[in-house]
Structures are given as structure tokens and as C-alpha cells.
>>> print(open('start-v2.cif').read())   # mmCIF, C-alpha atoms
data_entry
loop_
_atom_site.label_atom_id
_atom_site.label_comp_id
_atom_site.auth_asym_id
_atom_site.auth_seq_id
_atom_site.Cartn_x
_atom_site.Cartn_y
_atom_site.Cartn_z
CA MET A 1 34.39 14.43 -13.69
CA SER A 2 35.31 13.15 -10.27
CA ALA A 3 34.42 10.01 -8.42
CA TYR A 4 32.22 10.30 -5.36
CA THR A 5 30.32 8.13 -2.96
CA ALA A 6 26.97 9.54 -1.91
CA THR A 7 25.64 8.02 1.28
CA VAL A 8 21.88 8.29 1.59
CA THR A 9 20.43 7.54 5.02
CA VAL A 10 16.67 6.95 5.12
CA ARG A 11 14.93 6.89 8.48
CA LEU A 12 11.37 6.96 9.71
CA LYS A 13 10.05 10.41 10.55
CA HIS A 14 9.96 11.29 14.20
CA GLY A 15 6.82 9.87 15.77
CA VAL A 16 6.23 7.10 13.22
CA LEU A 17 6.02 3.75 14.99
CA ASP A 18 8.94 1.43 14.21
CA PRO A 19 7.95 -2.12 15.22
CA GLU A 20 11.20 -3.62 13.90
CA ALA A 21 13.31 -1.28 16.00
CA GLU A 22 11.11 -2.03 19.03
CA THR A 23 11.56 -5.77 18.48
CA THR A 24 15.32 -5.32 18.14
CA LYS A 25 15.42 -3.26 21.31
CA GLN A 26 13.57 -5.95 23.22
CA ALA A 27 15.93 -8.62 21.87
CA LEU A 28 18.92 -6.61 23.16
CA GLN A 29 17.24 -6.24 26.53
CA ARG A 30 16.64 -9.99 26.65
CA LEU A 31 20.40 -10.41 26.15
CA GLY A 32 20.88 -8.35 29.30
CA PHE A 33 21.86 -5.01 27.73
CA GLU A 34 20.64 -1.80 29.25
CA LEU A 35 19.29 0.71 26.75
CA GLU A 36 16.57 3.32 26.62
CA GLY A 37 15.75 3.47 22.96
CA LEU A 38 16.78 2.29 19.52
CA ARG A 39 16.18 3.67 16.06
CA SER A 40 17.06 1.93 12.84
CA ALA A 41 17.71 3.40 9.40
CA ASP A 42 18.52 2.26 5.89
CA ARG A 43 21.81 3.36 4.43
CA PHE A 44 22.59 3.37 0.70
CA GLU A 45 26.13 3.95 -0.55
CA ILE A 46 26.01 5.12 -4.13
CA ASP A 47 29.15 5.37 -6.23
CA LEU A 48 28.87 7.94 -8.99
CA GLU A 49 30.82 10.27 -11.24
CA ALA A 50 29.87 13.93 -11.29
CA GLU A 51 31.25 17.37 -12.18
CA SER A 52 31.29 18.39 -8.54
CA ALA A 53 30.29 17.25 -5.07
CA GLU A 54 27.24 19.54 -5.34
CA VAL A 55 26.07 17.83 -8.51
CA ALA A 56 26.61 14.43 -6.91
CA HIS A 57 24.60 15.58 -3.89
CA GLU A 58 21.79 16.82 -6.08
CA ARG A 59 21.62 13.58 -8.04
CA ALA A 60 21.62 11.40 -4.90
CA SER A 61 18.94 13.60 -3.34
CA GLU A 62 16.75 13.08 -6.37
CA MET A 63 17.29 9.31 -6.07
CA ALA A 64 16.12 9.56 -2.46
CA GLU A 65 13.09 11.65 -3.41
CA ARG A 66 12.01 9.43 -6.25
CA LEU A 67 12.69 5.95 -4.91
CA LEU A 68 14.87 5.37 -1.86
CA ALA A 69 12.63 7.22 0.61
CA ASN A 70 8.87 7.47 0.88
CA PRO A 71 8.21 11.09 1.85
CA THR A 72 4.99 10.08 3.63
CA ILE A 73 6.91 8.26 6.35
CA HIS A 74 10.62 8.98 5.83
CA ASP A 75 13.21 11.68 6.26
CA TYR A 76 16.57 11.30 4.57
CA ASP A 77 19.96 12.90 4.45
CA VAL A 78 22.75 12.75 1.89
CA GLU A 79 26.49 12.93 2.48
CA VAL A 80 28.99 13.05 -0.37
CA THR A 81 32.62 11.98 -0.06
CA ASP A 82 35.47 11.66 -2.59
CA ARG A 83 36.11 8.16 -3.76
CA MET B 84 -15.71 -4.65 -20.86
CA THR B 85 -12.46 -6.14 -19.63
CA VAL B 86 -10.83 -5.76 -16.28
CA SER B 87 -7.03 -5.86 -16.49
CA ILE B 88 -5.33 -7.54 -13.54
CA ILE B 89 -1.77 -6.28 -13.59
CA ARG B 90 0.77 -8.98 -12.87
CA PHE B 91 4.17 -7.89 -11.61
CA GLY B 92 7.06 -10.22 -10.85
CA GLY B 93 6.01 -11.60 -7.48
CA SER B 94 2.26 -10.93 -7.72
CA ASN B 95 0.44 -13.97 -6.35
CA CYS B 96 -3.21 -13.02 -5.95
CA ASP B 97 -3.67 -12.28 -9.65
CA ARG B 98 -5.21 -15.69 -10.33
CA ASP B 99 -7.42 -15.48 -7.26
CA ALA B 100 -8.70 -12.14 -8.53
CA GLU B 101 -9.28 -13.57 -12.00
CA ARG B 102 -11.21 -16.50 -10.58
CA ALA B 103 -13.28 -14.32 -8.29
CA LEU B 104 -14.17 -11.97 -11.15
CA GLU B 105 -15.00 -14.92 -13.38
CA TYR B 106 -17.37 -16.17 -10.68
CA LEU B 107 -19.05 -12.76 -10.72
CA ASP B 108 -19.30 -12.90 -14.53
CA ILE B 109 -16.96 -9.95 -14.88
CA ASP B 110 -14.69 -10.32 -17.88
CA ALA B 111 -11.07 -10.11 -16.73
CA GLU B 112 -7.60 -10.93 -17.95
CA ILE B 113 -4.18 -11.01 -16.37
CA VAL B 114 -1.81 -8.53 -17.98
CA TRP B 115 1.97 -8.81 -17.61
CA HIS B 116 3.17 -5.36 -16.61
CA GLU B 117 5.76 -5.14 -19.38
CA ASP B 118 3.04 -5.62 -22.02
CA GLY B 119 1.36 -2.34 -21.10
CA LEU B 120 -2.28 -1.66 -20.42
CA PRO B 121 -4.61 -3.12 -23.10
CA GLU B 122 -6.74 -0.54 -24.90
CA GLU B 123 -10.01 -2.30 -24.08
CA THR B 124 -9.35 -1.97 -20.33
CA THR B 125 -12.46 -0.84 -18.46
CA GLY B 126 -11.24 -1.58 -14.96
CA ILE B 127 -7.90 -2.29 -13.28
CA VAL B 128 -6.90 -4.56 -10.40
CA LEU B 129 -3.53 -4.17 -8.72
CA PRO B 130 -3.40 -7.60 -7.09
CA GLY B 131 -1.82 -8.83 -3.89
CA GLY B 132 1.49 -10.60 -3.59
CA PHE B 133 5.10 -9.69 -3.03
CA SER B 134 6.04 -7.73 -6.12
CA TYR B 135 9.83 -7.54 -6.46
CA GLY B 136 10.17 -9.47 -3.22
CA ASP B 137 9.05 -6.40 -1.26
CA TYR B 138 12.60 -5.08 -1.81
CA LEU B 139 13.19 -1.60 -0.42
CA ARG B 140 9.54 -1.23 0.69
CA ALA B 141 6.45 -3.23 -0.18
CA GLY B 142 5.16 -1.96 -3.52
CA ALA B 143 8.00 0.51 -4.09
CA MET B 144 9.45 -1.12 -7.21
CA ALA B 145 6.15 -2.01 -8.90
CA ALA B 146 4.88 1.52 -8.29
CA ARG B 147 7.69 2.83 -10.47
CA SER B 148 7.28 0.43 -13.38
CA PRO B 149 6.21 2.09 -16.65
CA ILE B 150 2.71 0.53 -16.69
CA MET B 151 1.83 2.54 -13.59
CA ALA B 152 1.98 5.77 -15.61
CA GLU B 153 -0.74 4.25 -17.82
CA VAL B 154 -2.70 3.16 -14.75
CA ARG B 155 -2.53 6.69 -13.31
CA GLU B 156 -3.71 8.11 -16.61
CA ALA B 157 -6.62 5.65 -16.80
CA ALA B 158 -7.49 6.39 -13.17
CA ALA B 159 -7.55 10.11 -13.89
CA ASP B 160 -9.93 9.42 -16.78
CA GLY B 161 -12.33 7.62 -14.45
CA THR B 162 -11.42 3.98 -15.06
CA PRO B 163 -12.11 2.10 -11.81
CA VAL B 164 -8.87 0.99 -10.12
CA LEU B 165 -8.79 -1.38 -7.14
CA GLY B 166 -5.54 -2.05 -5.26
CA VAL B 167 -5.62 -5.02 -2.89
CA CYS B 168 -2.93 -5.78 -0.29
CA ASN B 169 0.35 -5.49 -2.21
CA GLY B 170 -1.73 -3.64 -4.81
CA ALA B 171 -2.75 -1.18 -2.09
CA GLN B 172 0.90 -0.68 -1.21
CA VAL B 173 1.64 -0.12 -4.91
CA GLY B 174 -1.28 2.33 -5.12
CA CYS B 175 0.03 4.43 -2.25
CA GLU B 176 3.64 4.23 -3.39
CA SER B 177 2.62 5.40 -6.86
CA GLY B 178 0.63 8.35 -5.57
CA LEU B 179 -2.75 6.99 -6.74
CA THR B 180 -3.91 7.11 -3.14
CA PRO B 181 -2.61 9.04 -0.11
CA GLY B 182 -0.61 7.64 2.80
CA ALA B 183 1.59 4.57 3.13
CA PHE B 184 1.21 1.00 4.32
CA THR B 185 4.12 -0.07 6.47
CA THR B 186 5.21 -2.69 9.02
CA ASN B 187 2.43 -4.10 11.22
CA ARG B 188 2.49 -3.01 14.85
CA SER B 189 3.18 -6.68 15.70
CA ALA B 190 6.18 -6.73 13.32
CA ARG B 191 4.71 -10.02 12.08
CA PHE B 192 2.93 -11.31 9.02
CA GLN B 193 -0.74 -11.69 9.94
CA CYS B 194 -3.24 -13.90 8.16
CA GLU B 195 -6.72 -13.77 9.72
CA HIS B 196 -10.32 -12.76 9.19
CA VAL B 197 -11.20 -9.20 10.17
CA TYR B 198 -14.30 -7.06 10.26
CA LEU B 199 -14.54 -3.83 8.31
CA ARG B 200 -16.97 -0.99 8.74
CA VAL B 201 -18.19 0.66 5.56
CA GLU B 202 -17.41 4.35 6.00
CA ARG B 203 -19.19 5.65 2.91
CA ASP B 204 -21.69 4.01 0.60
CA ASP B 205 -21.57 6.39 -2.35
CA THR B 206 -18.59 4.74 -4.05
CA PRO B 207 -18.64 2.00 -6.70
CA TRP B 208 -16.94 -0.28 -4.16
CA THR B 209 -19.57 0.10 -1.47
CA ALA B 210 -22.68 0.95 -3.49
CA HIS B 211 -24.32 -2.32 -2.44
CA TYR B 212 -23.71 -1.55 1.22
CA GLU B 213 -24.88 1.12 3.60
CA GLU B 214 -22.68 3.33 5.69
CA GLY B 215 -22.00 1.56 8.97
CA ASP B 216 -22.43 -1.95 7.57
CA VAL B 217 -19.96 -4.48 8.94
CA ILE B 218 -18.39 -6.96 6.55
CA GLU B 219 -15.98 -9.85 7.03
CA VAL B 220 -12.92 -10.08 4.81
CA PRO B 221 -9.53 -11.76 5.36
CA ILE B 222 -6.18 -10.01 5.66
CA ALA B 223 -2.76 -11.49 4.90
CA HIS B 224 0.03 -9.00 5.26
CA GLY B 225 3.14 -7.99 7.15
CA GLU B 226 3.11 -4.36 6.07
CA GLY B 227 -0.44 -3.16 6.35
CA ARG B 228 -0.29 -0.46 9.00
CA TYR B 229 -1.71 2.70 7.50
CA GLU B 230 0.52 5.69 8.16
CA ILE B 231 0.06 9.30 7.24
CA ASP B 232 0.77 12.53 9.08
CA ASP B 233 -1.96 13.81 11.38
CA ASP B 234 -2.83 16.91 9.33
CA ARG B 235 -3.17 14.91 6.15
CA LEU B 236 -5.31 12.31 7.91
CA GLU B 237 -7.59 15.02 9.20
CA GLU B 238 -7.92 16.32 5.66
CA LEU B 239 -8.79 12.86 4.36
CA GLU B 240 -11.42 12.41 7.04
CA ALA B 241 -12.86 15.84 6.32
CA ASP B 242 -12.99 14.95 2.62
CA ASP B 243 -14.64 11.61 3.45
CA ARG B 244 -11.95 9.58 1.75
CA ILE B 245 -11.76 6.73 4.27
CA LEU B 246 -13.53 3.77 2.68
CA PHE B 247 -13.19 1.07 5.36
CA ARG B 248 -12.07 0.93 8.98
CA TYR B 249 -11.18 -2.16 11.01
CA CYS B 250 -13.81 -2.82 13.64
CA ASP B 251 -15.35 -5.58 15.75
CA VAL B 252 -18.41 -7.57 14.76
CA GLU B 253 -20.64 -4.81 16.17
CA GLY B 254 -18.90 -2.13 14.11
CA GLU B 255 -17.01 -0.63 17.04
CA THR B 256 -13.45 0.48 16.37
CA GLY B 257 -10.61 0.24 18.88
CA PRO B 258 -7.16 -1.23 19.52
CA GLU B 259 -8.54 -4.78 19.95
CA SER B 260 -10.15 -4.84 16.52
CA ASN B 261 -7.33 -3.05 14.72
CA PRO B 262 -5.10 -5.91 13.55
CA ASN B 263 -2.03 -3.97 12.46
CA GLY B 264 -1.95 -0.63 14.28
CA SER B 265 -3.28 1.40 11.34
CA LYS B 266 -3.83 5.05 12.20
CA HIS B 267 -7.49 5.71 13.03
CA ASP B 268 -8.20 2.05 12.11
CA VAL B 269 -7.96 2.83 8.39
CA ALA B 270 -8.17 -0.32 6.24
CA GLY B 271 -8.86 1.31 2.87
CA VAL B 272 -9.02 4.74 1.27
CA VAL B 273 -10.13 6.25 -2.01
CA GLY B 274 -8.01 8.39 -4.30
CA LYS B 275 -8.85 11.82 -5.64
CA ARG B 276 -11.66 10.10 -7.47
CA LYS B 277 -13.80 7.62 -5.60
CA THR B 278 -13.38 5.25 -8.56
CA VAL B 279 -9.86 4.62 -7.27
CA ALA B 280 -9.61 2.61 -4.06
CA VAL B 281 -7.01 0.64 -2.15
CA LEU B 282 -7.46 -1.70 0.80
CA MET B 283 -5.29 -4.19 2.64
CA PRO B 284 -7.99 -6.88 3.14
CA HIS B 285 -8.66 -9.30 0.28
CA PRO B 286 -12.15 -9.08 -1.27
CA GLU B 287 -11.16 -11.71 -3.86
CA ARG B 288 -10.65 -14.18 -1.01
CA ALA B 289 -14.16 -13.44 0.24
CA THR B 290 -16.01 -14.04 -3.01
CA LEU B 291 -16.24 -17.76 -3.80
CA PRO B 292 -18.87 -19.32 -1.46
CA ASP B 293 -16.82 -22.51 -1.01
CA VAL B 294 -13.97 -20.67 0.72
CA GLY B 295 -15.93 -18.79 3.35
CA PRO B 296 -17.60 -15.40 3.65
CA THR B 297 -18.64 -13.69 0.43
CA ASP B 298 -18.71 -10.08 1.55
CA GLY B 299 -15.94 -9.21 -0.90
CA GLN B 300 -18.18 -9.75 -3.92
CA GLU B 301 -19.80 -6.36 -3.78
CA ILE B 302 -16.43 -4.63 -3.53
CA LEU B 303 -15.24 -6.34 -6.71
CA ARG B 304 -18.46 -5.35 -8.48
CA GLY B 305 -17.19 -1.80 -8.27
CA LEU B 306 -14.96 -2.70 -11.21
CA GLU B 307 -18.09 -2.80 -13.36
CA SER B 308 -18.85 0.84 -12.68
CA ALA B 309 -18.71 3.08 -15.72
CA GLY B 310 -16.44 5.52 -13.93
CA GLY B 311 -16.19 9.17 -14.81
CA THR B 312 -17.38 10.38 -11.42
#
>>> encode(input="start-v2.cif", output="C-alpha cells")
Amino acid sequence: MSAYTATVTVRLKHGVLDPEAETTKQALQRLGFELEGLRSADRFEIDLEAESAEVAHERASEMAERLLANPTIHDYDVEVTDR
Amino acid sequence: MTVSIIRFGGSNCDRDAERALEYLDIDAEIVWHEDGLPEETTGIVLPGGFSYGDYLRAGAMAARSPIMAEVREAAADGTPVLGVCNGAQVGCESGLTPGAFTTNRSARFQCEHVYLRVERDDTPWTAHYEEGDVIEVPIAHGEGRYEIDDDRLEELEADDRILFRYCDVEGETGPESNPNGSKHDVAGVVGKRKTVAVLMPHPERATLPDVGPTDGQEILRGLESAGGT
């Protein structure tokens, strides 16, 4: 068994309205920053022990499928690093 | 018959629902989710509130609590299930109903009266209404914008599974009468069976005559339906 950190990033699917990101963008513009767009995402860092990086990836992906993301509105990706 | 109102940590419209059902002479009891679904359950309410503090996403945690497997089973057997507000979010998160309810277009919590157009009258929830009727029911939510991909929405519309749409007092839909940016003005949908319904507006807050409009009464009466259709 090896120790890994699986980072799951959950973001809204392309085209799904993100009012929080829009509000944040406007707040930055009010501060005088120039920007064209802003997207936000949730990031989960999961420490786990697994036989291999592949197994860790699989387990974290299942966590994303079953709870962390809502497939109706979200896409997600998983990155595994040694810990 | 007994309607079970499922209380999760953070539910806060459970007592309103109980009181509204009591007013309608519908036998109901609040059930703590860890106690499981009582055998005598003939109808289920997933009440409003902020279950699990809306952590992760509104309804996400409650949707994955063990009692929801029992609720899904009962729903599949024809037991009427009504999800209101947070209960609607739980219903969609648990797969009882399609789509998702997410952050309002305004990015704010909104508490106001809205008008709804009855989109089909052959469900237990709308049996006392006619298609096209306009009813007044309050909303109180920050995450009530109905989202679903376009193909799926088209399918739902083709299958006549939209129960209510936001509209103006005349029954016209449009951006001005859509409080939260819901796709195609959707305020409520039915599940695979029309005995399962979720909606963001609160029928239990439009039931007692001393607190305003009473258009929600007939929606709640759907819980009395025998089911099985």
C-alpha cells in the first residue's frame, strides 16, 4: 500500500449559468481589475492508501460520481499524487 | 393512512407541513430519518429546510442517507412522494426526479410570493385544478434554479413531466415572472411515476387561511391518493 493524495476538481458543465462566479467577477471589476471571464470550481484533496495510483484514481473517481459531483450539472477531474 | 414527513438534521418546514396536513385532516407524523420509514406510511413528504447545512450542495447529504433507499422503494411501489424546496433538492439529488436545483440567477436567497401555472391536471397533485390554472404559492430559496441539459429537458417536456411553471398572474411565462432563472420556467416536475413530485414553492405555506393564499391545499391533498398509477 502506498499513500496518495487524490485531488478532485468539480466544476459546472460548460454552458451552465454560474451566478456566484458572475458576482465574483463583478466584484473584481468594481475593484478596478480588468478581466473577461471567471469560472469557479470546488477542489477536494483526499488522502488515501491504495495498492497503486490507478486504484487510488478509481476510488476517488467513484467518490466524485457518487457524492462530490452532481452529473446533471457538473464535470470533474481527478489527479493522483504521491504523498 | 399516515403521511411520513421525513426530518433530516436541518429540516425546518417539517412542522409547517405537519400543521398544514393536520388542517386538511390528513394524518401525518414527523419521522426522524435515522428511525427509518414506518411500515404504515401511505405518503411521504420531504420537507423544506437546510438539511446538513446545505453542505456540498443543497440536498446532497440527505439524498444519500439510508432512509432515501426506503423512500425510493416506496415511490417505485406507488406511494405518493412530495418534495418541497429542500425536499425538492433532495428528490433530484437522490434520483427520484430528474434535473437539479442550483444557485438562483440572482445569487441571492429569495423569499416572495410567485404565480405557478398548472401544466398538467392528471396528477394527484393537480387533480383539483385544470391545466392552465394559475395559483399563488410562496418561494423561499437560494438554490432553486432548475437545471438540466437541453436534450433531457426536451424529453421531459415531450413526456409531459413538467408539473408547474413560474408565470405571471395571467399565466404568461417569461423572464420577469421567473424568479430564479429556472430553465423553461420549471418550478416543479414529476418523477417516473406521477405520484412522485418535487417543487421549489411551498404549498404548506399556502394552506392555512390565516397566513395568506390557500392554493397549496390541493397540492398537499395529492398525498391522500392511493398511488399505484
>>> interface_residues(input="start-v2.cif", of="chain B", to="chain A", cutoff="7 Å", atoms="only C-alpha atoms", output="VMD selection string")
chain B and resid 182 to 183 186 188 to 190 231
>>> write_last_selection(input="start-v2.cif", atoms="C-alpha atoms", output="PDB file, keeping the file's coordinate frame")
ATOM      1  CA  GLY B 182      -0.610   7.640   2.800  1.00  0.00           C
ATOM      2  CA  ALA B 183       1.590   4.570   3.130  1.00  0.00           C
ATOM      3  CA  THR B 186       5.210  -2.690   9.020  1.00  0.00           C
ATOM      4  CA  ARG B 188       2.490  -3.010  14.850  1.00  0.00           C
ATOM      5  CA  SER B 189       3.180  -6.680  15.700  1.00  0.00           C
ATOM      6  CA  ALA B 190       6.180  -6.730  13.320  1.00  0.00           C
ATOM      7  CA  ILE B 231       0.060   9.300   7.240  1.00  0.00           C
TER       8      ILE B 231
END
>>> resolve_selection(input="start-v2.cif", expression="the PyMOL selection byres ((chain A and resi 5) around 7)", output="JSON list (two decimals) with C-alpha atoms, in the coordinates of the input")
[["chain", "number", "residue", "atom", "x", "y", "z"],
["A", 4, "TYR", "CA", 32.22, 10.30, -5.36],
["A", 6, "ALA", "CA", 26.97, 9.54, -1.91],
["A", 7, "THR", "CA", 25.64, 8.02, 1.28],
["A", 45, "GLU", "CA", 26.13, 3.95, -0.55],
["A", 46, "ILE", "CA", 26.01, 5.12, -4.13],
["A", 47, "ASP", "CA", 29.15, 5.37, -6.23],
["A", 48, "LEU", "CA", 28.87, 7.94, -8.99],
["A", 80, "VAL", "CA", 28.99, 13.05, -0.37],
["A", 81, "THR", "CA", 32.62, 11.98, -0.06],
["A", 82, "ASP", "CA", 35.47, 11.66, -2.59],
["A", 83, "ARG", "CA", 36.11, 8.16, -3.76]]
>>> resolve_selection(input="start-v2.cif", expression="the PyMOL selection byres ((chain B and resi 130) around 8)", output="NGL selection string")
:B and (88-90 or 94-97 or 100 or 128-129 or 131-132 or 166-170)
>>> resolve_selection(input="start-v2.cif", expression="the PyMOL selection byres ((chain A and resi 2) around 8)", output="JSON, numbers by chain")
{"A": [1, 3, 4, 49, 50, 51, 52, 82]}
>>> write_last_selection(input="start-v2.cif", atoms="C-alpha atoms", output="CSV table (one decimal), in the frame of the given file")
chain,number,residue,atom,x,y,z
A,1,MET,CA,34.4,14.4,-13.7
A,3,ALA,CA,34.4,10.0,-8.4
A,4,TYR,CA,32.2,10.3,-5.4
A,49,GLU,CA,30.8,10.3,-11.2
A,50,ALA,CA,29.9,13.9,-11.3
A,51,GLU,CA,31.2,17.4,-12.2
A,52,SER,CA,31.3,18.4,-8.5
A,82,ASP,CA,35.5,11.7,-2.6
>>> residues_around(input="start-v2.cif", residues="Asp268 (chain B)", least_positions_apart="4", cutoff="7 Å", atoms="only C-alpha atoms", output="JSON, numbers by chain")
{"B": [248, 249, 256, 261]}
>>> atom_distance(input="start-v2.cif", atom1="CA of Glu79 (chain A)", atom2="CA of Val55 (chain A)")
12.0 Å
>>> residues_around(input="start-v2.cif", residues="Ser265 (chain B)", least_positions_apart="2", cutoff="6 Å", atoms="all atoms listed in the file", output="list in words")
Arg228, Tyr229, Asn263, Asp268 and Val269 of chain B
>>> axis_aligned_box(input="start-v2.cif", around="region 42-53 of chain A", padding_each_side="8 Å", output="lines of an AutoDock Vina configuration file")
center_x = 24.9
center_y = 10.3
center_z = -3.1
size_x = 28.8
size_y = 32.1
size_z = 34.1
>>> closest_residue(input="start-v2.cif", among="B:Gly119, B:Gln300, B:Gln172, B:Ala158", to="Met144 (chain B)", atoms="all atoms listed in the file")
B:Gln172
>>> residues_around(input="start-v2.cif", residues="Gly305 (chain B)", least_positions_apart="4", cutoff="7 Å", atoms="all atoms listed in the file", output="ChimeraX atom specification")
/B:207-208,301
>>> atom_distance(input="start-v2.cif", atom1="CA of Arg39 (chain A)", atom2="CA of Leu236 (chain B)")
24.6 Å
>>> residues_around(input="start-v2.cif", residues="Ser260 (chain B)", least_positions_apart="6", cutoff="12 Å", atoms="all atoms listed in the file", output="ChimeraX atom specification")
/B:195-200,248-254,267-270
>>> write_last_selection(input="start-v2.cif", atoms="C-alpha atoms", output="short mmCIF file (atom, residue, chain, number, x, y, z; two decimals), in the frame of the given file")
data_model
loop_
_atom_site.label_atom_id
_atom_site.label_comp_id
_atom_site.auth_asym_id
_atom_site.auth_seq_id
_atom_site.Cartn_x
_atom_site.Cartn_y
_atom_site.Cartn_z
CA GLU B 195 -6.72 -13.77 9.72
CA HIS B 196 -10.32 -12.76 9.19
CA VAL B 197 -11.20 -9.20 10.17
CA TYR B 198 -14.30 -7.06 10.26
CA LEU B 199 -14.54 -3.83 8.31
CA ARG B 200 -16.97 -0.99 8.74
CA ARG B 248 -12.07 0.93 8.98
CA TYR B 249 -11.18 -2.16 11.01
CA CYS B 250 -13.81 -2.82 13.64
CA ASP B 251 -15.35 -5.58 15.75
CA VAL B 252 -18.41 -7.57 14.76
CA GLU B 253 -20.64 -4.81 16.17
CA GLY B 254 -18.90 -2.13 14.11
CA HIS B 267 -7.49 5.71 13.03
CA ASP B 268 -8.20 2.05 12.11
CA VAL B 269 -7.96 2.83 8.39
CA ALA B 270 -8.17 -0.32 6.24
#
